[in-house]
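Enquirer: Structure file input-v7.cif (mmCIF, C-alpha atoms) right here:
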data_final
loop_
_atom_site.label_atom_id
_atom_site.label_comp_id
_atom_site.auth_asym_id
_atom_site.auth_seq_id
_atom_site.Cartn_x
_atom_site.Cartn_y
_atom_site.Cartn_z
CA MET A 1 -3.33 -32.30 7.06
CA PHE A 2 -0.98 -29.35 7.29
CA PHE A 3 -1.57 -28.10 3.77
CA ASP A 4 -4.72 -29.10 1.96
CA LEU A 5 -5.47 -27.14 -1.15
CA SER A 6 -6.84 -27.23 -4.62
CA LEU A 7 -6.93 -24.07 -6.61
CA SER A 8 -7.03 -22.67 -10.07
CA CYS A 9 -5.84 -19.24 -10.87
CA ARG A 10 -5.50 -17.30 -14.09
CA VAL A 11 -2.42 -15.18 -14.63
CA GLY A 12 -2.79 -13.36 -17.91
CA GLU A 13 -3.09 -16.05 -20.57
CA ARG A 14 -1.91 -18.91 -18.39
CA ALA A 15 -3.95 -20.99 -15.99
CA ILE A 16 -2.38 -22.39 -12.83
CA GLU A 17 -3.95 -25.59 -11.56
CA LEU A 18 -2.72 -27.18 -8.38
CA ALA A 19 -4.10 -29.64 -5.86
CA PHE A 20 -2.26 -31.36 -3.06
CA ALA A 21 -2.52 -32.40 0.54
CA SER A 22 0.58 -32.71 2.64
CA GLN A 23 1.21 -34.02 6.13
CA ALA A 24 4.92 -33.20 6.12
CA ARG A 25 6.29 -30.51 8.40
CA LEU A 26 8.05 -29.01 5.44
CA THR A 27 6.49 -29.26 2.04
CA ALA A 28 8.39 -28.08 -1.00
CA LEU A 29 6.69 -26.58 -4.01
CA VAL A 30 8.98 -26.97 -7.00
CA GLY A 31 8.84 -26.20 -10.67
CA PRO A 32 10.60 -24.20 -13.35
CA SER A 33 10.72 -20.45 -12.88
CA GLY A 34 7.76 -18.52 -14.20
CA VAL A 35 5.36 -21.41 -13.65
CA GLY A 36 3.46 -19.58 -10.92
CA LYS A 37 4.89 -20.82 -7.62
CA THR A 38 4.79 -17.36 -6.06
CA THR A 39 1.22 -16.94 -7.31
CA VAL A 40 0.27 -20.05 -5.34
CA LEU A 41 1.85 -18.57 -2.20
CA ASN A 42 -0.03 -15.31 -2.78
CA CYS A 43 -3.27 -17.27 -3.05
CA ILE A 44 -2.55 -19.03 0.25
CA ALA A 45 -1.61 -15.77 1.97
CA GLY A 46 -4.75 -14.04 0.68
CA LEU A 47 -2.96 -11.48 -1.48
CA ARG A 48 -4.57 -12.94 -4.56
CA ARG A 49 -7.98 -14.47 -5.07
CA PRO A 50 -8.01 -17.81 -6.93
CA GLU A 51 -10.75 -18.28 -9.51
CA SER A 52 -11.91 -21.41 -7.77
CA GLY A 53 -10.81 -24.00 -5.25
CA ARG A 54 -10.28 -24.44 -1.57
CA VAL A 55 -7.36 -23.62 0.74
CA ALA A 56 -6.98 -25.05 4.23
CA VAL A 57 -3.81 -24.87 6.28
CA ALA A 58 -3.22 -26.51 9.66
CA GLY A 59 -6.91 -27.19 10.06
CA ASN A 60 -8.04 -23.66 9.26
CA LEU A 61 -10.17 -22.95 6.23
CA LEU A 62 -8.75 -19.88 4.54
CA PHE A 63 -10.53 -19.91 1.20
CA ASP A 64 -13.42 -21.82 -0.29
CA ALA A 65 -14.87 -20.52 -3.52
CA ALA A 66 -17.92 -22.79 -3.33
CA ALA A 67 -18.75 -21.78 0.25
CA GLY A 68 -17.91 -18.12 -0.35
CA VAL A 69 -15.10 -18.12 2.22
CA ASN A 70 -12.25 -15.73 1.55
CA LEU A 71 -10.38 -14.72 4.68
CA ARG A 72 -8.63 -11.37 4.50
CA PRO A 73 -4.81 -11.58 4.54
CA GLU A 74 -4.54 -10.08 8.03
CA LEU A 75 -6.74 -12.88 9.41
CA ARG A 76 -4.93 -15.79 7.73
CA ARG A 77 -1.93 -15.70 10.03
CA ALA A 78 0.57 -16.59 7.34
CA GLY A 79 4.22 -16.06 8.13
CA TYR A 80 5.08 -15.05 4.59
CA VAL A 81 8.78 -14.55 3.86
CA PHE A 82 8.86 -12.90 0.45
CA GLN A 83 11.65 -13.56 -1.99
CA ASP A 84 12.38 -9.83 -2.00
CA ALA A 85 12.05 -9.73 1.83
CA ARG A 86 10.02 -6.48 1.74
CA LEU A 87 11.41 -5.06 4.94
CA PHE A 88 9.84 -1.67 5.65
CA PRO A 89 12.50 0.83 4.58
CA HIS A 90 11.40 3.57 6.99
CA MET A 91 11.71 1.38 10.08
CA ARG A 92 14.81 0.07 11.76
CA VAL A 93 15.34 -3.67 12.04
CA ALA A 94 13.90 -3.73 15.57
CA ALA A 95 10.68 -2.00 14.44
CA ASN A 96 10.43 -4.30 11.43
CA LEU A 97 10.70 -7.32 13.71
CA THR A 98 7.96 -6.20 16.07
CA TYR A 99 5.57 -4.91 13.38
CA GLY A 100 3.52 -8.10 13.20
CA GLU A 101 4.05 -9.03 16.84
CA ARG A 102 2.35 -5.85 18.05
CA LEU A 103 -0.65 -6.63 15.85
CA ALA A 104 -1.00 -10.23 17.02
CA PRO A 105 -3.23 -11.03 20.00
CA THR A 106 -1.07 -11.72 23.04
CA ALA A 107 -2.60 -15.17 23.53
CA ASP A 108 -1.59 -16.23 20.01
CA ARG A 109 2.09 -15.33 20.30
CA TRP A 110 4.19 -18.41 20.65
CA ILE A 111 7.68 -17.00 20.44
CA GLY A 112 9.26 -13.90 21.96
CA GLN A 113 11.54 -11.23 20.57
CA GLU A 114 14.58 -12.32 22.52
CA GLU A 115 14.17 -15.90 21.42
CA VAL A 116 13.82 -14.94 17.75
CA VAL A 117 16.78 -12.58 17.87
CA GLU A 118 18.91 -15.25 19.53
CA PHE A 119 17.65 -17.98 17.19
CA LEU A 120 18.44 -15.98 14.05
CA GLY A 121 21.60 -14.33 15.37
CA ILE A 122 20.46 -10.82 14.48
CA GLY A 123 21.02 -9.07 17.81
CA HIS A 124 23.74 -6.85 16.35
CA LEU A 125 21.41 -5.63 13.57
CA LEU A 126 18.54 -4.26 15.65
CA ALA A 127 19.47 -0.59 15.33
CA ARG A 128 20.28 -0.77 11.61
CA TRP A 129 18.18 0.42 8.68
CA PRO A 130 17.11 -2.26 6.17
CA ALA A 131 18.98 -0.54 3.33
CA THR A 132 22.29 -1.22 5.11
CA LEU A 133 21.81 -4.99 5.47
CA SER A 134 23.39 -7.68 3.30
CA GLY A 135 21.23 -10.18 1.41
CA GLY A 136 21.58 -12.87 4.08
CA GLU A 137 20.92 -10.45 6.92
CA THR A 138 17.83 -9.13 5.14
CA ARG A 139 16.41 -12.64 4.78
CA ARG A 140 17.04 -13.48 8.42
CA VAL A 141 15.29 -10.32 9.56
CA ALA A 142 12.38 -11.08 7.23
CA ILE A 143 12.11 -14.58 8.73
CA GLY A 144 12.24 -13.11 12.22
CA ARG A 145 9.52 -10.60 11.38
CA ALA A 146 7.32 -13.42 10.07
CA LEU A 147 7.95 -15.68 13.11
CA LEU A 148 7.09 -12.87 15.54
CA SER A 149 3.73 -12.18 13.89
CA ALA A 150 2.38 -15.32 15.61
CA PRO A 151 1.88 -17.22 12.36
CA ARG A 152 0.10 -20.57 12.11
CA PHE A 153 2.26 -21.56 9.13
CA LEU A 154 5.24 -20.28 7.17
CA LEU A 155 5.49 -19.54 3.46
CA LEU A 156 9.10 -19.29 2.32
CA ASP A 157 9.62 -18.02 -1.21
CA GLU A 158 13.07 -19.04 -2.51
CA PRO A 159 14.75 -18.18 0.79
CA PHE A 160 18.20 -19.28 -0.38
CA ALA A 161 18.20 -17.73 -3.84
CA SER A 162 21.01 -15.32 -4.69
CA LEU A 163 22.99 -16.07 -1.54
CA ASP A 164 26.55 -17.34 -1.71
CA ALA A 165 27.16 -20.96 -0.70
CA GLU A 166 28.22 -20.19 2.86
CA ARG A 167 25.29 -17.89 3.66
CA GLY A 168 22.90 -20.22 1.90
CA GLU A 169 24.13 -23.07 4.11
CA THR A 170 23.70 -20.99 7.29
CA LEU A 171 20.16 -20.12 6.33
CA MET A 172 19.37 -23.71 5.36
CA LYS A 173 20.45 -24.92 8.81
CA LEU A 174 18.19 -22.27 10.24
CA VAL A 175 15.18 -23.48 8.26
CA GLU A 176 15.96 -27.03 9.42
CA ARG A 177 15.91 -25.84 13.00
CA ILE A 178 12.63 -23.97 12.48
CA ARG A 179 11.17 -27.15 10.98
CA ASP A 180 12.41 -29.41 13.80
CA GLU A 181 12.18 -27.18 16.86
CA LEU A 182 9.32 -24.75 16.27
CA GLU A 183 6.78 -27.25 14.98
CA ILE A 184 5.13 -24.97 12.49
CA PRO A 185 4.10 -26.20 9.03
CA ILE A 186 6.26 -24.74 6.28
CA LEU A 187 5.64 -24.46 2.57
CA LEU A 188 8.90 -23.79 0.76
CA VAL A 189 9.13 -22.63 -2.83
CA SER A 190 12.33 -23.64 -4.53
CA HIS A 191 13.79 -24.57 -7.88
CA ASP A 192 16.88 -26.22 -6.44
CA ARG A 193 16.80 -30.04 -6.25
CA SER A 194 19.42 -30.46 -3.54
CA GLU A 195 17.70 -27.94 -1.28
CA VAL A 196 14.42 -29.74 -1.66
CA GLU A 197 15.84 -33.22 -1.12
CA ARG A 198 17.56 -32.11 2.04
CA LEU A 199 14.70 -30.16 3.63
CA ALA A 200 11.36 -31.40 2.42
CA GLY A 201 9.25 -34.24 3.75
CA GLU A 202 7.01 -33.98 0.76
CA VAL A 203 7.50 -32.48 -2.67
CA VAL A 204 4.79 -30.97 -4.83
CA MET A 205 5.48 -30.37 -8.48
CA LEU A 206 3.94 -27.41 -10.27
CA ALA A 207 4.22 -27.70 -14.01
CA MET B 208 11.74 44.58 7.59
CA SER B 209 8.99 46.74 9.10
CA GLU B 210 11.09 49.85 8.47
CA TRP B 211 11.72 48.81 4.93
CA LEU B 212 8.03 48.19 4.27
CA THR B 213 5.21 50.62 5.01
CA PRO B 214 2.54 49.34 7.43
CA ALA B 215 0.14 48.96 4.50
CA GLU B 216 2.66 46.85 2.56
CA TRP B 217 3.45 44.81 5.65
CA GLY B 218 -0.29 44.20 5.97
CA VAL B 219 -0.37 42.94 2.38
CA VAL B 220 2.44 40.47 3.07
CA THR B 221 0.88 39.10 6.27
CA LEU B 222 -2.53 38.84 4.60
CA SER B 223 -0.95 36.94 1.71
CA LEU B 224 0.76 34.53 4.11
CA LYS B 225 -2.46 34.05 6.10
CA VAL B 226 -4.54 33.41 2.97
CA SER B 227 -1.97 30.96 1.56
CA LEU B 228 -1.48 29.06 4.82
CA VAL B 229 -5.23 28.64 5.33
CA ALA B 230 -5.65 27.64 1.68
CA VAL B 231 -2.98 24.94 1.98
CA ALA B 232 -4.29 23.66 5.32
CA LEU B 233 -7.77 23.45 3.79
CA THR B 234 -6.61 21.64 0.66
CA LEU B 235 -4.10 19.27 2.24
CA PRO B 236 -6.47 16.50 3.43
CA VAL B 237 -8.70 16.82 0.37
CA SER B 238 -5.83 16.65 -2.10
CA TYR B 239 -4.18 13.72 -0.30
CA ALA B 240 -7.42 11.75 -0.40
CA LEU B 241 -7.82 12.55 -4.12
CA ALA B 242 -4.17 11.68 -4.80
CA TRP B 243 -4.58 8.34 -3.04
CA LEU B 244 -7.77 7.53 -4.94
CA LEU B 245 -6.18 8.38 -8.28
CA ALA B 246 -2.96 6.52 -7.49
CA ARG B 247 -4.36 3.37 -5.90
CA ARG B 248 -7.93 2.76 -6.96
CA ARG B 249 -9.54 1.80 -10.23
CA PHE B 250 -13.18 2.87 -10.29
CA PRO B 251 -15.70 4.06 -12.86
CA GLY B 252 -15.35 7.78 -13.42
CA ARG B 253 -11.70 7.83 -12.43
CA ILE B 254 -10.64 9.59 -15.62
CA LEU B 255 -13.42 12.12 -15.15
CA LEU B 256 -12.35 12.79 -11.57
CA ASP B 257 -8.75 13.19 -12.75
CA ALA B 258 -9.88 15.71 -15.36
CA VAL B 259 -12.04 17.68 -12.90
CA VAL B 260 -9.15 17.86 -10.43
CA HIS B 261 -6.95 19.27 -13.18
CA LEU B 262 -9.57 21.75 -14.38
CA PRO B 263 -8.32 24.76 -12.36
CA LEU B 264 -4.93 24.21 -13.97
CA VAL B 265 -6.20 24.58 -17.54
CA VAL B 266 -9.32 26.75 -17.31
CA PRO B 267 -8.76 30.54 -17.26
CA PRO B 268 -8.55 31.54 -13.58
CA VAL B 269 -11.25 34.13 -14.12
CA VAL B 270 -13.61 31.31 -15.09
CA THR B 271 -12.73 29.40 -11.92
CA GLY B 272 -13.46 32.60 -10.00
CA TRP B 273 -16.79 32.96 -11.74
CA ILE B 274 -17.73 29.34 -10.95
CA LEU B 275 -16.84 29.98 -7.31
CA LEU B 276 -19.00 33.11 -7.40
CA VAL B 277 -21.94 31.13 -8.77
CA LEU B 278 -21.54 28.34 -6.19
CA PHE B 279 -20.28 30.20 -3.13
CA GLY B 280 -21.80 33.65 -3.68
CA ARG B 281 -24.42 34.78 -1.17
CA ASN B 282 -27.14 33.58 -3.56
CA GLY B 283 -25.25 30.49 -4.72
CA PRO B 284 -26.38 27.07 -3.49
CA ILE B 285 -23.33 26.44 -1.28
CA GLY B 286 -22.83 30.09 -0.31
CA ALA B 287 -26.45 30.54 0.82
CA TRP B 288 -26.27 27.31 2.81
CA LEU B 289 -22.99 28.31 4.50
CA GLU B 290 -24.48 31.67 5.45
CA SER B 291 -27.73 30.25 6.84
CA GLN B 292 -26.04 27.40 8.71
CA PHE B 293 -22.84 29.00 9.98
CA GLY B 294 -23.20 32.69 9.19
CA LEU B 295 -20.15 32.26 6.97
CA VAL B 296 -19.80 34.69 4.05
CA LEU B 297 -16.91 34.10 1.67
CA VAL B 298 -17.30 36.72 -1.06
CA PHE B 299 -15.28 39.89 -0.51
CA ARG B 300 -13.62 38.37 2.58
CA TRP B 301 -10.13 37.03 3.17
CA SER B 302 -11.71 33.57 3.64
CA GLY B 303 -13.00 33.87 0.06
CA ALA B 304 -9.48 34.66 -1.14
CA ALA B 305 -8.31 31.55 0.74
CA LEU B 306 -10.98 29.42 -0.96
CA ALA B 307 -10.00 30.74 -4.40
CA ALA B 308 -6.32 30.06 -3.67
CA ALA B 309 -7.17 26.58 -2.34
CA VAL B 310 -9.08 25.61 -5.48
CA MET B 311 -6.30 26.89 -7.72
CA ALA B 312 -3.64 25.06 -5.67
CA LEU B 313 -5.53 21.75 -5.60
CA PRO B 314 -4.35 20.25 -8.92
CA LEU B 315 -0.68 20.97 -8.20
CA MET B 316 -0.92 19.49 -4.72
CA VAL B 317 -2.71 16.37 -5.97
CA ARG B 318 -0.06 15.85 -8.65
CA ALA B 319 2.84 16.05 -6.21
CA MET B 320 1.20 13.76 -3.66
CA ARG B 321 0.05 11.28 -6.27
CA LEU B 322 3.63 10.92 -7.50
CA SER B 323 4.87 10.08 -4.03
CA ILE B 324 2.02 7.65 -3.32
CA GLU B 325 2.69 5.87 -6.60
CA ALA B 326 6.34 5.62 -5.58
CA VAL B 327 5.38 3.61 -2.48
CA ASP B 328 5.81 -0.08 -3.31
CA ARG B 329 2.40 -1.75 -3.03
CA ARG B 330 4.14 -4.98 -2.14
CA LEU B 331 5.15 -3.39 1.16
CA VAL B 332 1.46 -2.86 1.87
CA ASP B 333 0.84 -6.53 1.00
CA ALA B 334 3.61 -7.52 3.42
CA ALA B 335 2.00 -5.46 6.16
CA ARG B 336 -1.35 -7.15 5.49
CA THR B 337 0.13 -10.66 5.87
CA LEU B 338 1.67 -9.50 9.16
CA GLY B 339 -1.79 -8.76 10.52
CA ALA B 340 -2.41 -5.14 9.53
CA SER B 341 -5.89 -4.06 8.44
CA PRO B 342 -6.02 -1.96 5.24
CA TRP B 343 -6.36 1.19 7.35
CA ARG B 344 -3.47 0.22 9.66
CA ALA B 345 -1.30 -0.63 6.66
CA PHE B 346 -2.10 2.76 5.16
CA LEU B 347 -1.21 4.62 8.36
CA SER B 348 2.01 2.72 9.02
CA ILE B 349 3.32 2.21 5.47
CA THR B 350 1.78 4.38 2.73
CA LEU B 351 1.36 7.55 4.77
CA PRO B 352 4.88 7.81 6.24
CA LEU B 353 6.56 6.72 3.00
CA SER B 354 4.66 9.37 1.04
CA ALA B 355 5.23 12.07 3.67
CA PRO B 356 7.90 13.92 1.65
CA GLY B 357 5.37 14.17 -1.19
CA ILE B 358 2.82 15.62 1.20
CA ALA B 359 5.32 18.25 2.27
CA ALA B 360 6.32 18.91 -1.34
CA GLY B 361 2.69 19.25 -2.38
CA ALA B 362 2.03 21.62 0.48
CA MET B 363 5.00 23.78 -0.51
CA LEU B 364 3.95 23.82 -4.13
CA GLY B 365 0.38 24.67 -3.17
CA PHE B 366 1.67 27.42 -0.92
CA ALA B 367 3.69 28.93 -3.77
CA ARG B 368 0.71 28.71 -6.09
CA SER B 369 -1.57 30.31 -3.48
CA LEU B 370 0.81 33.21 -2.99
CA GLY B 371 0.63 33.97 -6.69
CA GLU B 372 -3.12 33.51 -7.13
CA PHE B 373 -4.69 36.47 -8.94
CA GLY B 374 -7.48 35.80 -11.44
CA ALA B 375 -9.83 33.64 -9.40
CA THR B 376 -9.26 35.76 -6.31
CA ILE B 377 -10.04 39.11 -7.92
CA THR B 378 -13.12 37.63 -9.59
CA PHE B 379 -14.50 35.85 -6.54
CA ALA B 380 -13.19 37.80 -3.55
CA SER B 381 -12.56 41.15 -5.27
CA ASN B 382 -9.71 43.58 -4.51
CA ILE B 383 -10.39 45.02 -1.08
CA ALA B 384 -7.50 46.53 0.87
CA GLY B 385 -6.90 44.67 4.13
CA GLN B 386 -9.42 41.95 3.23
CA THR B 387 -8.57 40.35 -0.09
CA ARG B 388 -5.70 42.45 -1.45
CA THR B 389 -2.95 39.84 -1.46
CA LEU B 390 0.51 40.40 -2.98
CA PRO B 391 -0.43 39.99 -6.65
CA LEU B 392 -3.52 42.14 -6.22
CA ALA B 393 -1.53 44.83 -4.42
CA ILE B 394 1.04 44.79 -7.23
CA TYR B 395 -1.74 45.09 -9.79
CA SER B 396 -3.28 47.97 -7.82
CA GLY B 397 0.12 49.67 -7.58
CA LEU B 398 0.47 49.51 -11.33
CA GLN B 399 -2.76 51.49 -11.69
CA LEU B 400 -1.34 54.36 -9.60
CA PRO B 401 1.22 56.85 -10.86
CA GLY B 402 4.45 56.98 -8.82
CA ALA B 403 4.13 53.56 -7.16
CA GLU B 404 6.96 51.97 -9.17
CA VAL B 405 9.20 51.43 -6.16
CA GLN B 406 6.39 49.89 -4.13
CA VAL B 407 5.53 47.58 -7.03
CA ALA B 408 9.15 46.52 -7.33
CA ARG B 409 9.45 45.80 -3.61
CA LEU B 410 6.26 43.74 -3.48
CA SER B 411 7.27 41.88 -6.64
CA LEU B 412 10.64 41.05 -5.16
CA ILE B 413 9.02 39.69 -1.99
CA SER B 414 6.63 37.66 -4.14
CA VAL B 415 9.43 36.15 -6.20
CA VAL B 416 11.54 35.27 -3.16
CA LEU B 417 8.66 33.60 -1.28
CA SER B 418 7.49 31.57 -4.27
CA LEU B 419 11.00 30.56 -5.28
CA ALA B 420 11.78 29.35 -1.76
CA ALA B 421 8.61 27.26 -1.64
CA LEU B 422 9.31 25.74 -5.06
CA VAL B 423 12.91 24.85 -4.29
CA ILE B 424 11.91 23.23 -1.01
CA SER B 425 9.18 21.17 -2.68
CA GLU B 426 11.54 19.98 -5.42
CA LEU B 427 14.14 18.94 -2.86
CA LEU B 428 11.55 17.07 -0.80
CA VAL B 429 10.28 15.07 -3.78
CA ARG B 430 13.79 14.16 -4.88
CA ARG B 431 14.48 12.88 -1.42
CA SER B 432 11.37 10.71 -1.44
CA ALA B 433 11.21 9.34 -4.98
CA GLY B 434 14.78 9.45 -6.17
CA SER B 435 16.43 11.87 -8.54
CA ARG B 436 14.28 10.92 -11.52
CA ALA B 437 11.05 12.19 -9.96
CA HIS B 438 10.30 15.87 -9.83
CA VAL B 439 7.37 18.22 -9.47
CA LEU B 440 8.57 20.99 -11.78
#
Have the structure of the file written as structure tokens, please.

Expert:
Amino acid sequence: MFFDLSLSCRVGERAIELAFASQARLTALVGPSGVGKTTVLNCIAGLRRPESGRVAVAGNLLFDAAAGVNLRPELRRAGYVFQDARLFPHMRVAANLTYGERLAPTADRWIGQEEVVEFLGIGHLLARWPATLSGGETRRVAIGRALLSAPRFLLLDEPFASLDAERGETLMKLVERIRDELEIPILLVSHDRSEVERLAGEVVMLA
Amino acid sequence: MSEWLTPAEWGVVTLSLKVSLVAVALTLPVSYALAWLLARRRFPGRILLDAVVHLPLVVPPVVTGWILLVLFGRNGPIGAWLESQFGLVLVFRWSGAALAAAVMALPLMVRAMRLSIEAVDRRLVDAARTLGASPWRAFLSITLPLSAPGIAAGAMLGFARSLGEFGATITFASNIAGQTRTLPLAIYSGLQLPGAEVQVARLSLISVVLSLAALVISELLVRRSAGSRAHVL
């Protein structure tokens, strides 16, 4: 199983309950906005502690309330691409890209800087500051930063939201290539049906 | 400058700068740690800690000086310990004036730094964690550099406050020429003497210029870090 989780999480008054197991390379998590899709990603990445449940990704147990397992985020090896990208504003694109790579053990790295830069077509951006990038460029750099941190899986939070059709299409092709060529399990959060139908091998509904 | 000022006045200015620089250097790590705690952590007693940090700002300086005297005097618990362990005596010494200035500058420095730490998006720290950074590494590479302008602003503000420190200093460290007679104390002493009006005016002018420069620099630094809506004044 790539993703195997069951968790319950309280956000204010609401309770989020979700359980699924997926063998697909790309699993889509869909549901209306505000239903807690990002909260689920945060639980998987270790940024938020679920009240109960169990989270295993690609054969690694990340969280198990019953067994008292709660891996710290830096040990979970999630390639988390946030919806708001969260590039570090005080570092140039090149330093943003290598931030996670320098922290990853050499043996665990499975992709190099040159390959990522080439793959994402961001070679011309390396010397720029994040504040000067367009929305599409920002997302690509954020994906590159996540890939270089030697992740065992990717979490993509609405990666195509608020991009125009052309840029959205470019990025979607990119995600397809990551799915097909890099062989890394991906969990994609989306609210767009066509996106999901095109990309996902399995769809999980959060209601 | 040395022709314009008498050697004694020049000595007052350099002593003031020395006392203020040491006071700021002493307070900088302490106030940053306090600012971080108050900005980022929720713990029992947080409100109390916040209040204690602000105490020197609202208590009469002479009371702060008296508390320092009780604690750091030669018979005080901390003062006696410092003397027996390190042979360090603070009362009636320039180091005592620096301690008084440091305590009085602390709340202002904490406030400025806390503002800039709060302005650092915590979600950036989260991002760093998912990329493999330990909490300490994330602090060093994200929070610290992004709050650096606030550190500089706090230091400037603390420096300005230290230069102007009077009440706690005269109570704790006394008014000893060449040892603890900083600018405000020298101005006060000048006012007690007949015919020192020009000297008082000169020292006052220097005092105003130094403090104003430090304040303007700190305000500019905070605006640069937290946007035009944030300010320390």

Enquirer: With the file shown as input, list the residues that the PyMOL selection byres ((chain A) within 6 of (chain B)) selects, as an MDAnalysis selection string.

Expert: chainID A and resid 73:74 86 100 103 149

Enquirer: Applying the PyMOL selection byres ((chain B and resi 240) around 12) to the file I just gave you, which residues come out? Please list them as a list in words.

Expert: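 Checking the PyMOL selection byres ((chain B and resi 240) around 12) against this file, the residues are Thr234, Leu235, Pro236, Val237, Ser238, Tyr239, Leu241, Ala242, Trp243, Leu244, Leu245, Ala246, Arg247, Arg248, Val260, Leu313, Met316, Val317, Arg318, Met320, Arg321, Ile324, Phe346, Leu351 and Ile358 of chain B.
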
Enquirer: Once the PyMOL selection byres ((chain B and resi 392-398) around 12) has been applied to the shown file, what residues remain in the selection, as a ChimeraX atom specification?

Expert: /B:215-220,222-223,304,370-378,380-391,399-414

Enquirer: What is the CA of Tyr80 (chain A) to CA of Lys173 (chain A) distance in Å?

Expert: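 Going from CA of Tyr80 (chain A) over to CA of Lys173 (chain A), I get 18.7 Å.
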
Enquirer: Name the residues in contact with His124 (chain A) at a cut-off of 12 Å, using all atoms listed in the file, excluding same-chain residues fewer than 2 positions from it; report them as a PyMOL selection string.

Expert: chain A and resi 93-94+117-118+120-122+126-129+133+137+141
